[in-house]
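Structure data follow from entry.cif (mmCIF, C-alpha atoms and all ligand atoms):
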data_upload
#
loop_
_atom_site.group_PDB
_atom_site.id
_atom_site.type_symbol
_atom_site.label_atom_id
_atom_site.label_comp_id
_atom_site.auth_asym_id
_atom_site.auth_seq_id
_atom_site.Cartn_x
_atom_site.Cartn_y
_atom_site.Cartn_z
ATOM 1 C CA MET A 1 6.586 -28.255 48.800
ATOM 2 C CA ASN A 2 8.132 -29.322 45.526
ATOM 3 C CA PHE A 3 10.203 -26.310 44.507
ATOM 4 C CA GLY A 4 11.258 -27.952 41.291
ATOM 5 C CA LEU A 5 7.646 -28.186 40.176
ATOM 6 C CA LEU A 6 6.886 -24.635 41.284
ATOM 7 C CA TYR A 7 9.908 -23.313 39.380
ATOM 8 C CA GLY A 8 8.911 -25.274 36.295
ATOM 9 C CA PHE A 9 5.391 -23.872 36.447
ATOM 10 C CA GLY A 10 6.668 -20.324 36.897
ATOM 11 C CA LEU A 11 8.969 -20.713 33.938
ATOM 12 C CA LEU A 12 6.099 -22.012 31.818
ATOM 13 C CA VAL A 13 3.905 -19.027 32.759
ATOM 14 C CA ALA A 14 6.761 -16.651 31.942
ATOM 15 C CA ILE A 15 7.325 -18.249 28.531
ATOM 16 C CA ILE A 16 3.635 -18.189 27.629
ATOM 17 C CA SER A 17 3.117 -14.581 28.665
ATOM 18 C CA LYS A 18 6.259 -13.501 26.813
ATOM 19 C CA GLY A 19 4.942 -15.236 23.714
ATOM 20 C CA GLN A 20 1.701 -13.323 24.059
ATOM 21 C CA ASN A 21 3.528 -10.043 24.489
ATOM 22 C CA VAL A 22 5.289 -10.522 21.196
ATOM 23 C CA GLN A 23 2.069 -11.470 19.475
ATOM 24 C CA ASN A 24 0.112 -8.571 20.903
ATOM 25 C CA MET A 25 2.817 -6.042 20.175
ATOM 26 C CA ASN A 26 1.379 -3.366 17.951
ATOM 27 C CA PHE A 27 4.525 -1.314 17.312
ATOM 28 C CA LYS A 28 2.668 1.930 18.081
ATOM 29 C CA GLU A 29 5.817 3.764 19.100
ATOM 30 C CA GLU A 30 7.700 2.661 15.978
ATOM 31 C CA ARG A 31 4.748 3.645 13.797
ATOM 32 C CA PHE A 32 4.481 7.180 15.201
ATOM 33 C CA LYS A 33 8.249 7.578 14.944
ATOM 34 C CA MET A 34 8.081 6.469 11.299
ATOM 35 C CA VAL A 35 5.424 9.094 10.559
ATOM 36 C CA THR A 36 7.391 11.854 12.295
ATOM 37 C CA GLU A 37 10.802 11.031 10.866
ATOM 38 C CA GLN A 38 9.971 9.734 7.401
ATOM 39 C CA ILE A 39 6.649 11.307 6.476
ATOM 40 C CA LYS A 40 6.128 14.689 8.178
ATOM 41 C CA SER A 41 9.798 15.690 8.046
ATOM 42 C CA ARG A 42 9.834 15.159 4.268
ATOM 43 C CA GLY A 43 6.932 17.486 3.644
ATOM 44 C CA ILE A 44 3.836 15.287 3.759
ATOM 45 C CA ASN A 45 1.427 17.661 5.504
ATOM 46 C CA ASN A 46 -2.046 16.315 4.703
ATOM 47 C CA ASP A 47 -3.515 15.626 8.156
ATOM 48 C CA GLU A 48 -5.693 12.794 6.934
ATOM 49 C CA VAL A 49 -2.735 11.002 5.344
ATOM 50 C CA ILE A 50 -0.701 11.471 8.536
ATOM 51 C CA LYS A 51 -3.517 10.083 10.706
ATOM 52 C CA ALA A 52 -4.073 7.145 8.366
ATOM 53 C CA MET A 53 -0.389 6.205 8.442
ATOM 54 C CA GLN A 54 -0.305 6.509 12.234
ATOM 55 C CA LYS A 55 -3.245 4.139 12.376
ATOM 56 C CA VAL A 56 -2.637 1.400 9.802
ATOM 57 C CA GLU A 57 -0.511 -1.377 11.301
ATOM 58 C CA ARG A 58 2.018 -1.806 8.529
ATOM 59 C CA HIS A 59 3.614 -4.837 10.236
ATOM 60 C CA LEU A 60 0.423 -6.851 9.649
ATOM 61 C CA PHE A 61 0.964 -6.527 5.881
ATOM 62 C CA VAL A 62 4.485 -7.981 5.747
ATOM 63 C CA PRO A 63 5.656 -11.589 6.244
ATOM 64 C CA ASN A 64 5.929 -12.563 9.949
ATOM 65 C CA ASP A 65 9.721 -12.760 9.983
ATOM 66 C CA LEU A 66 9.994 -9.194 8.616
ATOM 67 C CA GLN A 67 7.527 -7.547 11.013
ATOM 68 C CA LYS A 68 10.345 -6.078 13.060
ATOM 69 C CA TYR A 69 11.532 -4.122 9.999
ATOM 70 C CA ALA A 70 8.056 -2.912 8.980
ATOM 71 C CA TYR A 71 8.619 0.685 10.138
ATOM 72 C CA GLN A 72 12.036 1.161 8.578
ATOM 73 C CA ASP A 73 12.687 3.652 5.786
ATOM 74 C CA ARG A 74 12.621 1.158 2.912
ATOM 75 C CA PRO A 75 10.557 -1.217 0.808
ATOM 76 C CA LEU A 76 10.388 -4.854 1.991
ATOM 77 C CA PRO A 77 9.967 -8.132 0.111
ATOM 78 C CA ILE A 78 6.481 -9.678 0.277
ATOM 79 C CA GLY A 79 7.198 -12.785 -1.818
ATOM 80 C CA HIS A 80 6.764 -13.519 -5.544
ATOM 81 C CA LYS A 81 9.579 -11.032 -6.309
ATOM 82 C CA GLN A 82 7.331 -8.165 -5.193
ATOM 83 C CA THR A 83 7.713 -5.493 -2.526
ATOM 84 C CA ILE A 84 5.649 -3.326 -0.208
ATOM 85 C CA SER A 85 6.616 0.289 -1.067
ATOM 86 C CA GLN A 86 8.719 2.480 1.219
ATOM 87 C CA PRO A 87 6.435 4.322 3.711
ATOM 88 C CA TYR A 88 7.393 7.760 2.310
ATOM 89 C CA ILE A 89 6.302 6.765 -1.200
ATOM 90 C CA VAL A 90 2.934 5.554 0.155
ATOM 91 C CA GLY A 91 2.519 8.897 1.955
ATOM 92 C CA LEU A 92 3.530 10.935 -1.075
ATOM 93 C CA MET A 93 1.283 9.064 -3.530
ATOM 94 C CA SER A 94 -1.656 9.214 -1.094
ATOM 95 C CA GLN A 95 -1.200 12.961 -0.652
ATOM 96 C CA LEU A 96 -0.986 13.545 -4.424
ATOM 97 C CA LEU A 97 -4.289 11.708 -4.876
ATOM 98 C CA ASP A 98 -5.938 14.272 -2.564
ATOM 99 C CA VAL A 99 -8.709 11.878 -1.498
ATOM 100 C CA GLU A 100 -12.063 13.144 -0.316
ATOM 101 C CA GLU A 101 -14.592 11.102 1.676
ATOM 102 C CA GLY A 102 -16.605 8.754 -0.526
ATOM 103 C CA GLU A 103 -14.469 9.130 -3.650
ATOM 104 C CA LYS A 104 -14.135 6.109 -5.889
ATOM 105 C CA LEU A 105 -10.508 5.005 -6.207
ATOM 106 C CA LEU A 106 -8.670 2.402 -8.251
ATOM 107 C CA GLU A 107 -5.328 0.904 -7.282
ATOM 108 C CA ILE A 108 -3.239 -1.179 -9.683
ATOM 109 C CA GLY A 109 -0.905 -3.514 -7.758
ATOM 110 C CA THR A 110 -2.536 -4.537 -4.464
ATOM 111 C CA GLY A 111 0.647 -6.309 -3.324
ATOM 112 C CA SER A 112 0.439 -6.548 0.459
ATOM 113 C CA GLY A 113 -2.763 -4.467 0.670
ATOM 114 C CA TYR A 114 -1.076 -1.750 2.781
ATOM 115 C CA GLN A 115 -1.587 1.134 0.334
ATOM 116 C CA ALA A 116 -5.213 0.027 -0.141
ATOM 117 C CA ALA A 117 -5.742 0.123 3.650
ATOM 118 C CA VAL A 118 -4.296 3.653 3.839
ATOM 119 C CA LEU A 119 -6.666 4.770 1.056
ATOM 120 C CA GLY A 120 -9.507 3.022 2.879
ATOM 121 C CA GLU A 121 -8.700 5.060 6.011
ATOM 122 C CA LEU A 122 -8.916 8.244 3.900
ATOM 123 C CA GLY A 123 -12.581 7.418 3.294
ATOM 124 C CA GLY A 124 -12.280 6.252 -0.285
ATOM 125 C CA GLU A 125 -14.239 3.437 -1.883
ATOM 126 C CA VAL A 126 -11.197 1.478 -2.970
ATOM 127 C CA TYR A 127 -10.981 -1.031 -5.824
ATOM 128 C CA SER A 128 -7.606 -2.735 -6.081
ATOM 129 C CA ILE A 129 -6.303 -5.171 -8.706
ATOM 130 C CA GLU A 130 -3.385 -7.609 -8.315
ATOM 131 C CA ILE A 131 -1.940 -9.869 -11.022
ATOM 132 C CA VAL A 132 -0.262 -12.390 -8.672
ATOM 133 C CA GLU A 133 -3.114 -14.493 -7.326
ATOM 134 C CA PRO A 134 -1.584 -15.634 -4.007
ATOM 135 C CA LEU A 135 -0.738 -11.998 -3.177
ATOM 136 C CA GLN A 136 -4.296 -10.917 -3.970
ATOM 137 C CA LYS A 137 -5.656 -13.707 -1.763
ATOM 138 C CA ARG A 138 -3.387 -12.830 1.144
ATOM 139 C CA ALA A 139 -4.135 -9.105 0.887
ATOM 140 C CA ALA A 140 -7.881 -9.809 0.734
ATOM 141 C CA PHE A 141 -7.559 -11.952 3.871
ATOM 142 C CA VAL A 142 -5.623 -9.287 5.809
ATOM 143 C CA LEU A 143 -7.959 -6.455 4.728
ATOM 144 C CA ASP A 144 -10.944 -8.582 5.628
ATOM 145 C CA SER A 145 -9.570 -9.460 9.058
ATOM 146 C CA LEU A 146 -9.108 -5.716 9.677
ATOM 147 C CA ALA A 147 -12.763 -5.194 8.639
ATOM 148 C CA TYR A 148 -12.233 -2.751 5.758
ATOM 149 C CA LYS A 149 -15.735 -2.711 4.286
ATOM 150 C CA ASN A 150 -14.796 -0.053 1.719
ATOM 151 C CA VAL A 151 -11.833 -1.882 0.152
ATOM 152 C CA PHE A 152 -12.385 -4.423 -2.627
ATOM 153 C CA THR A 153 -9.658 -6.455 -4.310
ATOM 154 C CA ARG A 154 -9.588 -8.692 -7.329
ATOM 155 C CA TYR A 155 -7.134 -10.854 -9.196
ATOM 156 C CA GLY A 156 -6.554 -9.602 -12.729
ATOM 157 C CA ASP A 157 -4.564 -7.476 -15.151
ATOM 158 C CA GLY A 158 -4.445 -3.819 -14.192
ATOM 159 C CA TYR A 159 -3.707 -2.722 -17.798
ATOM 160 C CA LYS A 160 -7.426 -3.329 -18.361
ATOM 161 C CA GLY A 161 -8.506 -1.259 -15.360
ATOM 162 C CA TRP A 162 -11.843 -2.087 -13.689
ATOM 163 C CA PRO A 163 -14.388 -0.956 -16.341
ATOM 164 C CA GLU A 164 -17.483 -2.070 -14.367
ATOM 165 C CA LYS A 165 -16.622 0.414 -11.594
ATOM 166 C CA ALA A 166 -15.300 3.309 -13.739
ATOM 167 C CA PRO A 167 -15.104 6.260 -13.757
ATOM 168 C CA PHE A 168 -12.728 6.810 -10.816
ATOM 169 C CA ASP A 169 -11.955 10.043 -8.957
ATOM 170 C CA GLY A 170 -8.444 8.764 -8.398
ATOM 171 C CA ILE A 171 -6.230 6.031 -9.823
ATOM 172 C CA ILE A 172 -2.966 5.007 -8.163
ATOM 173 C CA VAL A 173 -0.575 2.653 -9.917
ATOM 174 C CA THR A 174 2.017 1.012 -7.660
ATOM 175 C CA CYS A 175 3.951 -0.839 -10.371
ATOM 176 C CA SER A 176 5.654 0.795 -13.319
ATOM 177 C CA PRO A 177 4.542 0.728 -16.983
ATOM 178 C CA THR A 178 6.825 2.205 -19.681
ATOM 179 C CA LYS A 179 4.121 4.675 -20.727
ATOM 180 C CA ILE A 180 0.823 5.840 -19.266
ATOM 181 C CA PRO A 181 -1.858 3.240 -20.158
ATOM 182 C CA GLN A 182 -4.624 5.004 -22.142
ATOM 183 C CA THR A 183 -7.239 2.580 -20.713
ATOM 184 C CA LEU A 184 -6.568 3.975 -17.240
ATOM 185 C CA VAL A 185 -6.770 7.595 -18.448
ATOM 186 C CA ASN A 186 -10.122 6.709 -20.049
ATOM 187 C CA GLN A 187 -11.397 5.334 -16.724
ATOM 188 C CA LEU A 188 -10.635 8.612 -14.937
ATOM 189 C CA ALA A 189 -13.589 10.871 -14.056
ATOM 190 C CA GLU A 190 -13.661 14.567 -14.953
ATOM 191 C CA GLY A 191 -11.472 16.265 -12.328
ATOM 192 C CA GLY A 192 -9.864 12.915 -11.503
ATOM 193 C CA LYS A 193 -6.200 12.309 -10.697
ATOM 194 C CA LEU A 194 -3.851 9.542 -11.784
ATOM 195 C CA VAL A 195 -0.656 8.952 -9.805
ATOM 196 C CA ILE A 196 1.720 6.665 -11.657
ATOM 197 C CA PRO A 197 5.437 5.749 -11.832
ATOM 198 C CA VAL A 198 6.390 5.637 -15.525
ATOM 199 C CA GLY A 199 9.620 4.714 -17.291
ATOM 200 C CA ILE A 200 12.149 2.050 -18.125
ATOM 201 C CA LYS A 201 14.644 0.136 -15.959
ATOM 202 C CA ASN A 202 16.276 2.616 -13.564
ATOM 203 C CA VAL A 203 14.828 5.758 -15.119
ATOM 204 C CA LYS A 204 11.361 6.090 -13.690
ATOM 205 C CA LYS A 205 9.509 9.145 -12.563
ATOM 206 C CA LEU A 206 6.386 9.613 -10.540
ATOM 207 C CA VAL A 207 3.801 11.471 -12.621
ATOM 208 C CA LEU A 208 0.588 13.207 -11.518
ATOM 209 C CA LEU A 209 -1.938 13.425 -14.334
ATOM 210 C CA GLU A 210 -5.199 15.356 -13.995
ATOM 211 C CA LYS A 211 -8.237 15.405 -16.249
ATOM 212 C CA LYS A 212 -9.417 18.999 -16.235
ATOM 213 C CA LYS A 213 -12.393 19.981 -18.449
ATOM 214 C CA GLY A 214 -11.564 17.051 -20.713
ATOM 215 C CA LYS A 215 -7.903 18.151 -21.011
ATOM 216 C CA ILE A 216 -4.964 16.216 -19.622
ATOM 217 C CA VAL A 217 -2.493 18.086 -17.414
ATOM 218 C CA LYS A 218 0.723 16.271 -16.445
ATOM 219 C CA ARG A 219 3.284 17.072 -13.777
ATOM 220 C CA ASN A 220 6.520 15.222 -12.968
ATOM 221 C CA ILE A 221 7.001 14.755 -9.224
ATOM 222 C CA ILE A 222 10.232 12.869 -8.366
ATOM 223 C CA PRO A 223 12.420 10.065 -9.724
ATOM 224 C CA VAL A 224 11.355 6.727 -8.204
ATOM 225 C CA ARG A 225 12.034 2.981 -8.241
ATOM 226 C CA PHE A 226 9.190 0.538 -8.731
ATOM 227 C CA VAL A 227 8.653 -3.067 -9.767
ATOM 228 C CA PRO A 228 7.519 -3.292 -13.410
ATOM 229 C CA MET A 229 3.852 -3.464 -14.369
ATOM 230 C CA VAL A 230 3.369 -6.637 -16.407
ATOM 231 C CA ASP A 231 0.449 -8.195 -18.264
ATOM 232 C CA SER A 232 -0.608 -11.835 -17.896
ATOM 233 C CA GLU A 233 2.185 -12.879 -20.310
ATOM 234 C CA GLY A 234 4.821 -11.004 -18.355
ATOM 235 C CA ASN A 235 5.181 -8.117 -20.848
ATOM 236 C CA ASN A 236 6.043 -4.649 -19.548
ATOM 237 C CA TYR A 237 4.875 -1.731 -21.719
HETATM 238 N N1 LIG A 301 0.634 -1.242 -3.302
HETATM 239 C C1 LIG A 301 1.412 -2.365 -2.858
HETATM 240 C C2 LIG A 301 2.778 -2.387 -3.510
HETATM 241 C C3 LIG A 301 2.858 -3.567 -4.371
HETATM 242 S S1 LIG A 301 4.238 -3.751 -5.422
HETATM 243 C C4 LIG A 301 1.502 -2.438 -1.351
HETATM 244 O O1 LIG A 301 1.033 -1.522 -0.671
HETATM 245 O O2 LIG A 301 2.026 -3.437 -0.842
HETATM 246 C C5 LIG A 301 3.423 -3.770 -6.993
HETATM 247 C C6 LIG A 301 2.453 -4.882 -7.253
HETATM 248 O O3 LIG A 301 1.945 -4.700 -8.585
HETATM 249 C C7 LIG A 301 3.037 -6.294 -7.222
HETATM 250 O O4 LIG A 301 2.361 -7.054 -6.271
HETATM 251 C C8 LIG A 301 2.777 -6.820 -8.647
HETATM 252 O O5 LIG A 301 2.454 -8.177 -8.686
HETATM 253 C C9 LIG A 301 1.614 -5.961 -9.105
HETATM 254 N N2 LIG A 301 1.411 -5.863 -10.549
HETATM 255 C C10 LIG A 301 2.343 -5.815 -11.536
HETATM 256 N N3 LIG A 301 1.741 -5.719 -12.746
HETATM 257 C C11 LIG A 301 0.396 -5.699 -12.515
HETATM 258 C C12 LIG A 301 -0.751 -5.630 -13.352
HETATM 259 N N4 LIG A 301 -0.670 -5.576 -14.692
HETATM 260 N N5 LIG A 301 -1.970 -5.621 -12.768
HETATM 261 C C13 LIG A 301 -2.098 -5.692 -11.428
HETATM 262 N N6 LIG A 301 -1.048 -5.779 -10.585
HETATM 263 C C14 LIG A 301 0.179 -5.789 -11.113
#
Represent the structure of the file as structure tokens.
Amino acid sequence: MNFGLLYGFGLLVAIISKGQNVQNMNFKEERFKMVTEQIKSRGINNDEVIKAMQKVERHLFVPNDLQKYAYQDRPLPIGHKQTISQPYIVGLMSQLLDVEEGEKLLEIGTGSGYQAAVLGELGGEVYSIEIVEPLQKRAAFVLDSLAYKNVFTRYGDGYKGWPEKAPFDGIIVTCSPTKIPQTLVNQLAEGGKLVIPVGIKNVKKLVLLEKKKGKIVKRNIIPVRFVPMVDSEGNNY
């Protein structure tokens, strides 16, 4: 018997199966730990949001070399100077939107597609706009490969909203304008909610705006950090 050959073969099998283990890893333990330590413990108590965040595989939405950090308590770079938001912020904004099955939702700033997937899990019909084309393409590919039939993305300028699909029961903006864009308020349905980080430079706050009997009711939630919302010429307003 040629032991050298046998050893070589064994080593090859070990390497291949290890490779597969890494690829098939779904980080379930890390994901549940993230939800317990970062989401529930900070007061997110909407069961549907908790279940959605336990389910959506956040690591699939970040670049391969950053997958191991996907469940940490922080935003991560996704290329093109953009970031996937910190898990807690995704949980908080999703809870504020108070999504009900079948509601029509608009997201401005698709980025990685993670927030859109969470909203998709909540049963919304999600329309999401991204101004950086390669990011929109990648997010569309990931969402498609995960078979989200209720999540639609497009490349474009979120300041314009998505008039063909308006009005929306909920609008979530994941980049920061300096003031609340009136176009988005106009695309909100009666009873609809807009969750948006507004402000300049380092002074930004998360605002919940509701359209109640034609009136606008605004509530400040917490100070936040977000990448700026920009139009196709790069202007932030
Ligand atoms: N929701 C994202 C977070 C993305 S960060 C996620 O879950 O990963 C914010 C995104 O907003 C960036 O990708 C940025 O390119 C995008 N953005 C900035 N201004 C925009 C605009 N006017 N319209 C659409 N997207 C915009």
Each residue of chain A with at least one atom at most 7 Å from ligand LIG 301 (chain A) should appear once, together with its nearest atom pair and the corresponding distance in Å (one decimal); atoms considered: all atoms listed in the file; ordering: chain, then increasing residue number; output as a Markdown table.
| residue | atom | partner | partner_atom | distance |
| --- | --- | --- | --- | --- |
| A:Gln82 | CA | A:LIG301 | C7 | 5.1 |
| A:Thr83 | CA | A:LIG301 | S1 | 4.8 |
| A:Ile84 | CA | A:LIG301 | O2 | 3.7 |
| A:Ser85 | CA | A:LIG301 | C2 | 5.3 |
| A:Ile108 | CA | A:LIG301 | C13 | 5.0 |
| A:Gly109 | CA | A:LIG301 | O3 | 3.2 |
| A:Thr110 | CA | A:LIG301 | N1 | 4.7 |
| A:Gly111 | CA | A:LIG301 | O4 | 3.5 |
| A:Ser112 | CA | A:LIG301 | O2 | 3.7 |
| A:Gly113 | CA | A:LIG301 | O1 | 5.0 |
| A:Tyr114 | CA | A:LIG301 | O1 | 4.1 |
| A:Gln115 | CA | A:LIG301 | O1 | 3.9 |
| A:Ala116 | CA | A:LIG301 | O1 | 6.5 |
| A:Ile129 | CA | A:LIG301 | C13 | 5.0 |
| A:Glu130 | CA | A:LIG301 | N6 | 3.7 |
| A:Ile131 | CA | A:LIG301 | C13 | 4.2 |
| A:Val132 | CA | A:LIG301 | O5 | 5.0 |
| A:Leu135 | CA | A:LIG301 | O4 | 6.6 |
| A:Gly156 | CA | A:LIG301 | C13 | 6.1 |
| A:Asp157 | CA | A:LIG301 | N5 | 4.0 |
| A:Gly158 | CA | A:LIG301 | N5 | 3.4 |
| A:Tyr159 | CA | A:LIG301 | N4 | 5.2 |
| A:Thr174 | CA | A:LIG301 | C5 | 5.0 |
| A:Cys175 | CA | A:LIG301 | C5 | 4.5 |
| A:Val227 | CA | A:LIG301 | C5 | 6.0 |
| A:Pro228 | CA | A:LIG301 | C10 | 6.1 |
| A:Met229 | CA | A:LIG301 | N3 | 3.5 |
| A:Val230 | CA | A:LIG301 | N3 | 4.1 |
| A:Asp231 | CA | A:LIG301 | N4 | 4.6 |
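Put simply, the PyMOL selection byres (((chain A and resi 184) around 9) and not hetatm) on this file hits Gly158, Tyr159, Lys160, Gly161, Trp162, Ile171, Ile180, Pro181, Gln182, Thr183, Val185, Asn186, Gln187, Leu188 and Leu194 of chain A.
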Selection dump of the PyMOL selection byres (((chain A and resi 39) around 10) and not hetatm), as a list in words
Phe32, Lys33, Met34, Val35, Thr36, Glu37, Gln38, Lys40, Ser41, Arg42, Gly43, Ile44, Asn45, Val49, Ile50, Met53, Asp73, Pro87, Tyr88, Ile89, Val90, Gly91 and Leu92 of chain A
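For the pair atom CA of A:Glu101 and atom CA of A:Ala117, the separation is 14.2 Å.
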Residues matched by the PyMOL selection byres (((chain A and resi 148) around 12) and not hetatm) as a ChimeraX atom specification
/A:56,113-114,116-127,139-147,149-153
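Taking atom CA of A:Tyr155 and atom CA of A:Met93 as endpoints, the distance between them is 22.4 Å.
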Name the residues within 8 Å of (5.4, 15.0, -9.6), counting only C-alpha atoms in the file's coordinates, and put them as a list in words.
Lys205, Leu206, Val207, Leu208, Arg219, Asn220, Ile221 and Ile222 of chain A
Atom CA of A:Ser94 sits from atom CA of A:Pro163 at a separation of 22.3 Å
Residue with smallest distance to A:Gln54 - pool A:Lys218, A:Asn26, A:Lys193, A:Leu96, counting only C-alpha atoms
A:Asn26
Padding 5 Å on each side, edges along x, y and z: where is the centre of the box around the listed atoms of stretch 98-114 of chain A, and how long are its edges in Å to one decimal? Output it as JSON.
{"center_x": -8.0, "center_y": 3.9, "center_z": -3.5, "size_x": 27.3, "size_y": 30.8, "size_z": 22.5}
